[in-house]
file run_24.pdb (PDB, N, CA, C and O atoms)
ATOM      1  N   MET L   1       0.824  -1.188   0.000  1.00  0.00           N
ATOM      2  CA  MET L   1       0.000   0.000   0.000  1.00  0.00           C
ATOM      3  C   MET L   1       0.869   1.253   0.000  1.00  0.00           C
ATOM      4  O   MET L   1       0.556   2.211  -0.691  1.00  0.00           O
ATOM      5  N   GLU L   2       1.951   1.238   0.756  1.00  0.00           N
ATOM      6  CA  GLU L   2       2.832   2.401   0.768  1.00  0.00           C
ATOM      7  C   GLU L   2       3.423   2.637  -0.612  1.00  0.00           C
ATOM      8  O   GLU L   2       3.496   3.772  -1.082  1.00  0.00           O
ATOM      9  N   TRP L   3       3.867   1.546  -1.273  1.00  0.00           N
ATOM     10  CA  TRP L   3       4.432   1.664  -2.621  1.00  0.00           C
ATOM     11  C   TRP L   3       3.399   2.235  -3.578  1.00  0.00           C
ATOM     12  O   TRP L   3       3.679   3.145  -4.340  1.00  0.00           O
ATOM     13  N   PHE L   4       2.173   1.714  -3.526  1.00  0.00           N
ATOM     14  CA  PHE L   4       1.134   2.166  -4.431  1.00  0.00           C
ATOM     15  C   PHE L   4       0.759   3.609  -4.137  1.00  0.00           C
ATOM     16  O   PHE L   4       0.532   4.395  -5.045  1.00  0.00           O
ATOM     17  N   GLY L   5       0.703   3.959  -2.872  1.00  0.00           N
ATOM     18  CA  GLY L   5       0.406   5.344  -2.500  1.00  0.00           C
ATOM     19  C   GLY L   5       1.438   6.303  -3.049  1.00  0.00           C
ATOM     20  O   GLY L   5       1.117   7.429  -3.433  1.00  0.00           O
ATOM     21  N   GLY L   6       2.686   5.858  -3.123  1.00  0.00           N
ATOM     22  CA  GLY L   6       3.735   6.682  -3.714  1.00  0.00           C
ATOM     23  C   GLY L   6       3.513   6.908  -5.195  1.00  0.00           C
ATOM     24  O   GLY L   6       3.872   7.946  -5.743  1.00  0.00           O
ATOM     25  N   LEU L   7       2.923   5.951  -5.872  1.00  0.00           N
ATOM     26  CA  LEU L   7       2.637   6.100  -7.302  1.00  0.00           C
ATOM     27  C   LEU L   7       1.441   7.017  -7.545  1.00  0.00           C
ATOM     28  O   LEU L   7       1.443   7.846  -8.441  1.00  0.00           O
ATOM     29  N   ALA L   8       0.417   6.824  -6.754  1.00  0.00           N
ATOM     30  CA  ALA L   8      -0.839   7.532  -6.986  1.00  0.00           C
ATOM     31  C   ALA L   8      -0.909   8.875  -6.274  1.00  0.00           C
ATOM     32  O   ALA L   8      -1.687   9.732  -6.664  1.00  0.00           O
ATOM     33  N   GLY L   9      -0.103   9.057  -5.229  1.00  0.00           N
ATOM     34  CA  GLY L   9      -0.196  10.287  -4.462  1.00  0.00           C
ATOM     35  C   GLY L   9      -1.558  10.414  -3.821  1.00  0.00           C
ATOM     36  O   GLY L   9      -2.111   9.451  -3.311  1.00  0.00           O
ATOM     37  N   ASP L  10      -2.118  11.598  -3.891  1.00  0.00           N
ATOM     38  CA  ASP L  10      -3.421  11.850  -3.273  1.00  0.00           C
ATOM     39  C   ASP L  10      -4.586  11.695  -4.244  1.00  0.00           C
ATOM     40  O   ASP L  10      -5.732  11.910  -3.876  1.00  0.00           O
ATOM     41  N   GLN L  11      -4.301  11.332  -5.482  1.00  0.00           N
ATOM     42  CA  GLN L  11      -5.392  11.222  -6.450  1.00  0.00           C
ATOM     43  C   GLN L  11      -6.193   9.947  -6.243  1.00  0.00           C
ATOM     44  O   GLN L  11      -5.687   8.952  -5.750  1.00  0.00           O
ATOM     45  N   THR L  12      -7.445   9.998  -6.612  1.00  0.00           N
ATOM     46  CA  THR L  12      -8.317   8.831  -6.520  1.00  0.00           C
ATOM     47  C   THR L  12      -7.988   7.879  -7.654  1.00  0.00           C
ATOM     48  O   THR L  12      -7.958   8.275  -8.814  1.00  0.00           O
ATOM     49  N   VAL L  13      -7.699   6.641  -7.326  1.00  0.00           N
ATOM     50  CA  VAL L  13      -7.359   5.628  -8.324  1.00  0.00           C
ATOM     51  C   VAL L  13      -8.627   5.014  -8.887  1.00  0.00           C
ATOM     52  O   VAL L  13      -8.775   4.832 -10.085  1.00  0.00           O
ATOM     53  N   ALA L  14      -9.542   4.696  -8.019  1.00  0.00           N
ATOM     54  CA  ALA L  14     -10.811   4.099  -8.426  1.00  0.00           C
ATOM     55  C   ALA L  14     -11.814   4.309  -7.310  1.00  0.00           C
ATOM     56  O   ALA L  14     -11.444   4.502  -6.163  1.00  0.00           O
ATOM     57  N   THR L  15     -13.062   4.259  -7.669  1.00  0.00           N
ATOM     58  CA  THR L  15     -14.125   4.377  -6.689  1.00  0.00           C
ATOM     59  C   THR L  15     -15.011   3.147  -6.803  1.00  0.00           C
ATOM     60  O   THR L  15     -15.469   2.811  -7.892  1.00  0.00           O
ATOM     61  N   LEU L  16     -15.197   2.478  -5.684  1.00  0.00           N
ATOM     62  CA  LEU L  16     -16.092   1.321  -5.657  1.00  0.00           C
ATOM     63  C   LEU L  16     -17.439   1.789  -5.125  1.00  0.00           C
ATOM     64  O   LEU L  16     -17.508   2.481  -4.108  1.00  0.00           O
ATOM     65  N   PRO L  17     -18.508   1.423  -5.805  1.00  0.00           N
ATOM     66  CA  PRO L  17     -19.838   1.866  -5.363  1.00  0.00           C
ATOM     67  C   PRO L  17     -20.290   1.116  -4.116  1.00  0.00           C
ATOM     68  O   PRO L  17     -19.844   0.004  -3.863  1.00  0.00           O
ATOM     69  N   GLN L  18     -21.158   1.745  -3.355  1.00  0.00           N
ATOM     70  CA  GLN L  18     -21.825   0.999  -2.299  1.00  0.00           C
ATOM     71  C   GLN L  18     -22.804   0.085  -3.007  1.00  0.00           C
ATOM     72  O   GLN L  18     -23.570   0.533  -3.857  1.00  0.00           O
ATOM     73  N   SER L  19     -22.721  -1.194  -2.703  1.00  0.00           N
ATOM     74  CA  SER L  19     -23.587  -2.135  -3.408  1.00  0.00           C
ATOM     75  C   SER L  19     -23.876  -3.346  -2.544  1.00  0.00           C
ATOM     76  O   SER L  19     -22.972  -3.900  -1.903  1.00  0.00           O
ATOM     77  N   GLU L  20     -25.111  -3.750  -2.557  1.00  0.00           N
ATOM     78  CA  GLU L  20     -25.520  -4.963  -1.854  1.00  0.00           C
ATOM     79  C   GLU L  20     -24.843  -6.190  -2.474  1.00  0.00           C
ATOM     80  O   GLU L  20     -24.711  -7.226  -1.833  1.00  0.00           O
ATOM     81  N   ALA L  21     -24.362  -6.059  -3.720  1.00  0.00           N
ATOM     82  CA  ALA L  21     -23.703  -7.180  -4.396  1.00  0.00           C
ATOM     83  C   ALA L  21     -22.463  -7.638  -3.635  1.00  0.00           C
ATOM     84  O   ALA L  21     -22.163  -8.835  -3.603  1.00  0.00           O
ATOM     85  N   PHE L  22     -21.745  -6.728  -2.995  1.00  0.00           N
ATOM     86  CA  PHE L  22     -20.570  -7.121  -2.203  1.00  0.00           C
ATOM     87  C   PHE L  22     -20.996  -8.022  -1.043  1.00  0.00           C
ATOM     88  O   PHE L  22     -20.356  -9.031  -0.757  1.00  0.00           O
ATOM     89  N   VAL L  23     -22.070  -7.652  -0.371  1.00  0.00           N
ATOM     90  CA  VAL L  23     -22.586  -8.425   0.762  1.00  0.00           C
ATOM     91  C   VAL L  23     -23.101  -9.782   0.291  1.00  0.00           C
ATOM     92  O   VAL L  23     -22.792 -10.824   0.869  1.00  0.00           O
ATOM     93  N   GLN L  24     -23.888  -9.774  -0.770  1.00  0.00           N
ATOM     94  CA  GLN L  24     -24.465 -11.016  -1.285  1.00  0.00           C
ATOM     95  C   GLN L  24     -23.378 -11.966  -1.788  1.00  0.00           C
ATOM     96  O   GLN L  24     -23.462 -13.173  -1.566  1.00  0.00           O
ATOM     97  N   ALA L  25     -22.379 -11.420  -2.456  1.00  0.00           N
ATOM     98  CA  ALA L  25     -21.281 -12.254  -2.950  1.00  0.00           C
ATOM     99  C   ALA L  25     -20.522 -12.888  -1.785  1.00  0.00           C
ATOM    100  O   ALA L  25     -20.214 -14.084  -1.805  1.00  0.00           O
ATOM    101  N   GLY L  26     -20.252 -12.098  -0.758  1.00  0.00           N
ATOM    102  CA  GLY L  26     -19.567 -12.627   0.416  1.00  0.00           C
ATOM    103  C   GLY L  26     -20.361 -13.729   1.096  1.00  0.00           C
ATOM    104  O   GLY L  26     -19.811 -14.756   1.501  1.00  0.00           O
ATOM    105  N   ALA L  27     -21.659 -13.522   1.206  1.00  0.00           N
ATOM    106  CA  ALA L  27     -22.521 -14.531   1.825  1.00  0.00           C
ATOM    107  C   ALA L  27     -22.542 -15.816   1.004  1.00  0.00           C
ATOM    108  O   ALA L  27     -22.685 -16.911   1.558  1.00  0.00           O
ATOM    109  N   ALA L  28     -22.382 -15.684  -0.305  1.00  0.00           N
ATOM    110  CA  ALA L  28     -22.368 -16.855  -1.185  1.00  0.00           C
ATOM    111  C   ALA L  28     -20.972 -17.478  -1.298  1.00  0.00           C
ATOM    112  O   ALA L  28     -20.798 -18.492  -1.967  1.00  0.00           O
ATOM    113  N   GLY L  29     -19.990 -16.854  -0.634  1.00  0.00           N
ATOM    114  CA  GLY L  29     -18.625 -17.371  -0.681  1.00  0.00           C
ATOM    115  C   GLY L  29     -17.942 -17.135  -2.027  1.00  0.00           C
ATOM    116  O   GLY L  29     -17.079 -17.903  -2.430  1.00  0.00           O
ATOM    117  N   LYS L  30     -18.366 -16.065  -2.721  1.00  0.00           N
ATOM    118  CA  LYS L  30     -17.818 -15.750  -4.031  1.00  0.00           C
ATOM    119  C   LYS L  30     -17.289 -14.322  -4.057  1.00  0.00           C
ATOM    120  O   LYS L  30     -17.659 -13.507  -3.216  1.00  0.00           O
ATOM    121  N   SER L  31     -16.470 -14.036  -5.051  1.00  0.00           N
ATOM    122  CA  SER L  31     -16.086 -12.643  -5.274  1.00  0.00           C
ATOM    123  C   SER L  31     -17.264 -11.950  -5.953  1.00  0.00           C
ATOM    124  O   SER L  31     -18.143 -12.599  -6.523  1.00  0.00           O
ATOM    125  N   VAL L  32     -17.270 -10.639  -5.913  1.00  0.00           N
ATOM    126  CA  VAL L  32     -18.348  -9.900  -6.548  1.00  0.00           C
ATOM    127  C   VAL L  32     -18.332 -10.126  -8.063  1.00  0.00           C
ATOM    128  O   VAL L  32     -19.377 -10.111  -8.715  1.00  0.00           O
ATOM    129  N   VAL L  33     -17.176 -10.390  -8.631  1.00  0.00           N
ATOM    130  CA  VAL L  33     -17.067 -10.653 -10.069  1.00  0.00           C
ATOM    131  C   VAL L  33     -17.674 -12.013 -10.410  1.00  0.00           C
ATOM    132  O   VAL L  33     -18.383 -12.156 -11.400  1.00  0.00           O
ATOM    133  N   GLU L  34     -17.415 -13.016  -9.576  1.00  0.00           N
ATOM    134  CA  GLU L  34     -18.025 -14.333  -9.785  1.00  0.00           C
ATOM    135  C   GLU L  34     -19.536 -14.274  -9.594  1.00  0.00           C
ATOM    136  O   GLU L  34     -20.284 -14.949 -10.291  1.00  0.00           O
ATOM    137  N   PHE L  35     -19.961 -13.464  -8.638  1.00  0.00           N
ATOM    138  CA  PHE L  35     -21.369 -13.381  -8.276  1.00  0.00           C
ATOM    139  C   PHE L  35     -22.225 -12.754  -9.382  1.00  0.00           C
ATOM    140  O   PHE L  35     -23.278 -13.259  -9.729  1.00  0.00           O
ATOM    141  N   ASP L  36     -21.756 -11.625  -9.926  1.00  0.00           N
ATOM    142  CA  ASP L  36     -22.519 -10.922 -10.970  1.00  0.00           C
ATOM    143  C   ASP L  36     -21.550 -10.118 -11.827  1.00  0.00           C
ATOM    144  O   ASP L  36     -21.369  -8.924 -11.626  1.00  0.00           O
ATOM    145  N   ARG L  37     -20.907 -10.780 -12.776  1.00  0.00           N
ATOM    146  CA  ARG L  37     -19.845 -10.174 -13.578  1.00  0.00           C
ATOM    147  C   ARG L  37     -20.297  -8.908 -14.321  1.00  0.00           C
ATOM    148  O   ARG L  37     -19.498  -8.017 -14.567  1.00  0.00           O
ATOM    149  N   ARG L  38     -21.564  -8.819 -14.661  1.00  0.00           N
ATOM    150  CA  ARG L  38     -22.055  -7.669 -15.427  1.00  0.00           C
ATOM    151  C   ARG L  38     -22.585  -6.540 -14.543  1.00  0.00           C
ATOM    152  O   ARG L  38     -22.980  -5.489 -15.054  1.00  0.00           O
ATOM    153  N   GLY L  39     -22.570  -6.737 -13.234  1.00  0.00           N
ATOM    154  CA  GLY L  39     -23.087  -5.719 -12.326  1.00  0.00           C
ATOM    155  C   GLY L  39     -22.132  -4.550 -12.139  1.00  0.00           C
ATOM    156  O   GLY L  39     -20.946  -4.621 -12.442  1.00  0.00           O
ATOM    157  N   LYS L  40     -22.673  -3.467 -11.620  1.00  0.00           N
ATOM    158  CA  LYS L  40     -21.907  -2.235 -11.396  1.00  0.00           C
ATOM    159  C   LYS L  40     -20.726  -2.470 -10.451  1.00  0.00           C
ATOM    160  O   LYS L  40     -19.624  -1.981 -10.684  1.00  0.00           O
ATOM    161  N   ALA L  41     -20.940  -3.230  -9.388  1.00  0.00           N
ATOM    162  CA  ALA L  41     -19.878  -3.495  -8.413  1.00  0.00           C
ATOM    163  C   ALA L  41     -18.750  -4.312  -9.045  1.00  0.00           C
ATOM    164  O   ALA L  41     -17.566  -4.036  -8.812  1.00  0.00           O
ATOM    165  N   ALA L  42     -19.098  -5.299  -9.847  1.00  0.00           N
ATOM    166  CA  ALA L  42     -18.085  -6.126 -10.503  1.00  0.00           C
ATOM    167  C   ALA L  42     -17.295  -5.312 -11.515  1.00  0.00           C
ATOM    168  O   ALA L  42     -16.062  -5.429 -11.592  1.00  0.00           O
ATOM    169  N   LYS L  43     -17.970  -4.493 -12.288  1.00  0.00           N
ATOM    170  CA  LYS L  43     -17.279  -3.662 -13.279  1.00  0.00           C
ATOM    171  C   LYS L  43     -16.308  -2.699 -12.611  1.00  0.00           C
ATOM    172  O   LYS L  43     -15.185  -2.508 -13.082  1.00  0.00           O
ATOM    173  N   ALA L  44     -16.722  -2.100 -11.507  1.00  0.00           N
ATOM    174  CA  ALA L  44     -15.844  -1.179 -10.781  1.00  0.00           C
ATOM    175  C   ALA L  44     -14.661  -1.925 -10.180  1.00  0.00           C
ATOM    176  O   ALA L  44     -13.534  -1.425 -10.178  1.00  0.00           O
ATOM    177  N   THR L  45     -14.892  -3.128  -9.686  1.00  0.00           N
ATOM    178  CA  THR L  45     -13.820  -3.942  -9.110  1.00  0.00           C
ATOM    179  C   THR L  45     -12.813  -4.329 -10.185  1.00  0.00           C
ATOM    180  O   THR L  45     -11.596  -4.239  -9.971  1.00  0.00           O
ATOM    181  N   LEU L  46     -13.292  -4.728 -11.353  1.00  0.00           N
ATOM    182  CA  LEU L  46     -12.388  -5.083 -12.452  1.00  0.00           C
ATOM    183  C   LEU L  46     -11.586  -3.874 -12.917  1.00  0.00           C
ATOM    184  O   LEU L  46     -10.405  -4.001 -13.253  1.00  0.00           O
ATOM    185  N   ALA L  47     -12.197  -2.693 -12.924  1.00  0.00           N
ATOM    186  CA  ALA L  47     -11.477  -1.472 -13.291  1.00  0.00           C
ATOM    187  C   ALA L  47     -10.372  -1.185 -12.277  1.00  0.00           C
ATOM    188  O   ALA L  47      -9.249  -0.812 -12.649  1.00  0.00           O
ATOM    189  N   LEU L  48     -10.664  -1.374 -10.996  1.00  0.00           N
ATOM    190  CA  LEU L  48      -9.669  -1.179  -9.950  1.00  0.00           C
ATOM    191  C   LEU L  48      -8.499  -2.148 -10.124  1.00  0.00           C
ATOM    192  O   LEU L  48      -7.336  -1.751 -10.073  1.00  0.00           O
ATOM    193  N   VAL L  49      -8.800  -3.411 -10.360  1.00  0.00           N
ATOM    194  CA  VAL L  49      -7.758  -4.422 -10.551  1.00  0.00           C
ATOM    195  C   VAL L  49      -6.893  -4.065 -11.764  1.00  0.00           C
ATOM    196  O   VAL L  49      -5.666  -4.149 -11.715  1.00  0.00           O
ATOM    197  N   GLY L  50      -7.531  -3.630 -12.844  1.00  0.00           N
ATOM    198  CA  GLY L  50      -6.781  -3.244 -14.037  1.00  0.00           C
ATOM    199  C   GLY L  50      -5.854  -2.071 -13.783  1.00  0.00           C
ATOM    200  O   GLY L  50      -4.704  -2.066 -14.240  1.00  0.00           O
ATOM    201  N   THR L  51      -6.312  -1.096 -13.032  1.00  0.00           N
ATOM    202  CA  THR L  51      -5.496   0.070 -12.700  1.00  0.00           C
ATOM    203  C   THR L  51      -4.291  -0.322 -11.857  1.00  0.00           C
ATOM    204  O   THR L  51      -3.171   0.119 -12.109  1.00  0.00           O
ATOM    205  N   VAL L  52      -4.505  -1.175 -10.866  1.00  0.00           N
ATOM    206  CA  VAL L  52      -3.408  -1.623 -10.006  1.00  0.00           C
ATOM    207  C   VAL L  52      -2.419  -2.461 -10.799  1.00  0.00           C
ATOM    208  O   VAL L  52      -1.205  -2.279 -10.672  1.00  0.00           O
ATOM    209  N   ARG L  53      -2.903  -3.355 -11.650  1.00  0.00           N
ATOM    210  CA  ARG L  53      -2.015  -4.176 -12.485  1.00  0.00           C
ATOM    211  C   ARG L  53      -1.147  -3.297 -13.372  1.00  0.00           C
ATOM    212  O   ARG L  53       0.051  -3.521 -13.500  1.00  0.00           O
ATOM    213  N   GLU L  54      -1.758  -2.306 -13.996  1.00  0.00           N
ATOM    214  CA  GLU L  54      -1.027  -1.413 -14.892  1.00  0.00           C
ATOM    215  C   GLU L  54       0.038  -0.632 -14.121  1.00  0.00           C
ATOM    216  O   GLU L  54       1.174  -0.509 -14.569  1.00  0.00           O
ATOM    217  N   ALA L  55      -0.320  -0.096 -12.949  1.00  0.00           N
ATOM    218  CA  ALA L  55       0.628   0.658 -12.138  1.00  0.00           C
ATOM    219  C   ALA L  55       1.786  -0.201 -11.669  1.00  0.00           C
ATOM    220  O   ALA L  55       2.914   0.273 -11.542  1.00  0.00           O
ATOM    221  N   ALA L  56       1.510  -1.486 -11.451  1.00  0.00           N
ATOM    222  CA  ALA L  56       2.550  -2.413 -10.982  1.00  0.00           C
ATOM    223  C   ALA L  56       3.388  -2.961 -12.139  1.00  0.00           C
ATOM    224  O   ALA L  56       4.339  -3.694 -11.916  1.00  0.00           O
ATOM    225  N   GLY L  57       2.999  -2.654 -13.369  1.00  0.00           N
ATOM    226  CA  GLY L  57       3.766  -3.101 -14.517  1.00  0.00           C
ATOM    227  C   GLY L  57       3.367  -4.454 -15.056  1.00  0.00           C
ATOM    228  O   GLY L  57       4.096  -5.045 -15.840  1.00  0.00           O
ATOM    229  N   PHE L  58       2.204  -4.953 -14.651  1.00  0.00           N
ATOM    230  CA  PHE L  58       1.716  -6.228 -15.145  1.00  0.00           C
ATOM    231  C   PHE L  58       0.826  -5.998 -16.358  1.00  0.00           C
ATOM    232  O   PHE L  58       0.174  -4.957 -16.457  1.00  0.00           O
ATOM    233  N   PRO L  59       0.743  -6.963 -17.266  1.00  0.00           N
ATOM    234  CA  PRO L  59      -0.134  -6.786 -18.422  1.00  0.00           C
ATOM    235  C   PRO L  59      -1.606  -6.847 -18.028  1.00  0.00           C
ATOM    236  O   PRO L  59      -1.953  -7.431 -17.003  1.00  0.00           O
ATOM    237  N   LYS L  60      -2.438  -6.214 -18.848  1.00  0.00           N
ATOM    238  CA  LYS L  60      -3.884  -6.278 -18.600  1.00  0.00           C
ATOM    239  C   LYS L  60      -4.366  -7.697 -18.837  1.00  0.00           C
ATOM    240  O   LYS L  60      -3.819  -8.431 -19.638  1.00  0.00           O
ATOM    241  N   GLU L  61      -5.397  -8.083 -18.105  1.00  0.00           N
ATOM    242  CA  GLU L  61      -5.960  -9.424 -18.262  1.00  0.00           C
ATOM    243  C   GLU L  61      -6.916  -9.449 -19.420  1.00  0.00           C
ATOM    244  O   GLU L  61      -7.551  -8.518 -19.766  1.00  0.00           O
TER
END
call {"tool": "encode", "arguments": {"input": "run_24.pdb", "output": "C-alpha cells"}}
result
Amino acid sequence: MEWFGGLAGDQTVATLPQSEAFVQAGAAGKSVVEFDRRGKAAKATLALVGTVREAAGFPKE
C-alpha cells in the first residue's frame, strides 16, 4: 500500500460503489465478479484491478 500510495499520491485511483452485491457475494462465498460479472460493483472492481495491475507493470488481463 505504501508503494502504491507513492505512485498515486493523493489522487483517486478508483471508486467502488456501495452495493448490496458485495454483501451477497460474500454470503455466497464468491467474489463480486463471480457473483454478478455484469453488475456495477463487478465492473468497478475489475477497473480497480486493471489500474493496479497497470501501475505495478503487469499486463492487462
call {"tool": "select_by_dssp", "arguments": {"input": "run_24.pdb", "residues": "chain L", "states": "alpha helix (DSSP H)", "output": "JSON, numbers by chain"}}
result
{"L": [2, 3, 4, 5, 6, 7, 8, 20, 21, 22, 23, 24, 25, 26, 27, 32, 33, 34, 35, 40, 41, 42, 43, 44, 45, 46, 47, 48, 49, 50, 51, 52, 53, 54, 55, 56]}
call {"tool": "atom_distance", "arguments": {"input": "run_24.pdb", "atom1": "atom O of L:Thr51", "atom2": "atom N of L:Gln18"}}
result
20.1 Å
call {"tool": "residues_around", "arguments": {"input": "run_24.pdb", "residues": "L:Ser31", "least_positions_apart": "4", "cutoff": "7 Å", "atoms": "all atoms listed in the file", "output": "JSON, numbers by chain"}}
result
{"L": [21, 22, 25, 26, 35, 36]}
call {"tool": "atom_distance", "arguments": {"input": "run_24.pdb", "atom1": "atom C of L:Glu20", "atom2": "atom N of L:Leu48"}}
result
17.2 Å
call {"tool": "atom_distance", "arguments": {"input": "run_24.pdb", "atom1": "atom CA of L:Val23", "atom2": "atom CA of L:Leu46"}}
result
17.0 Å
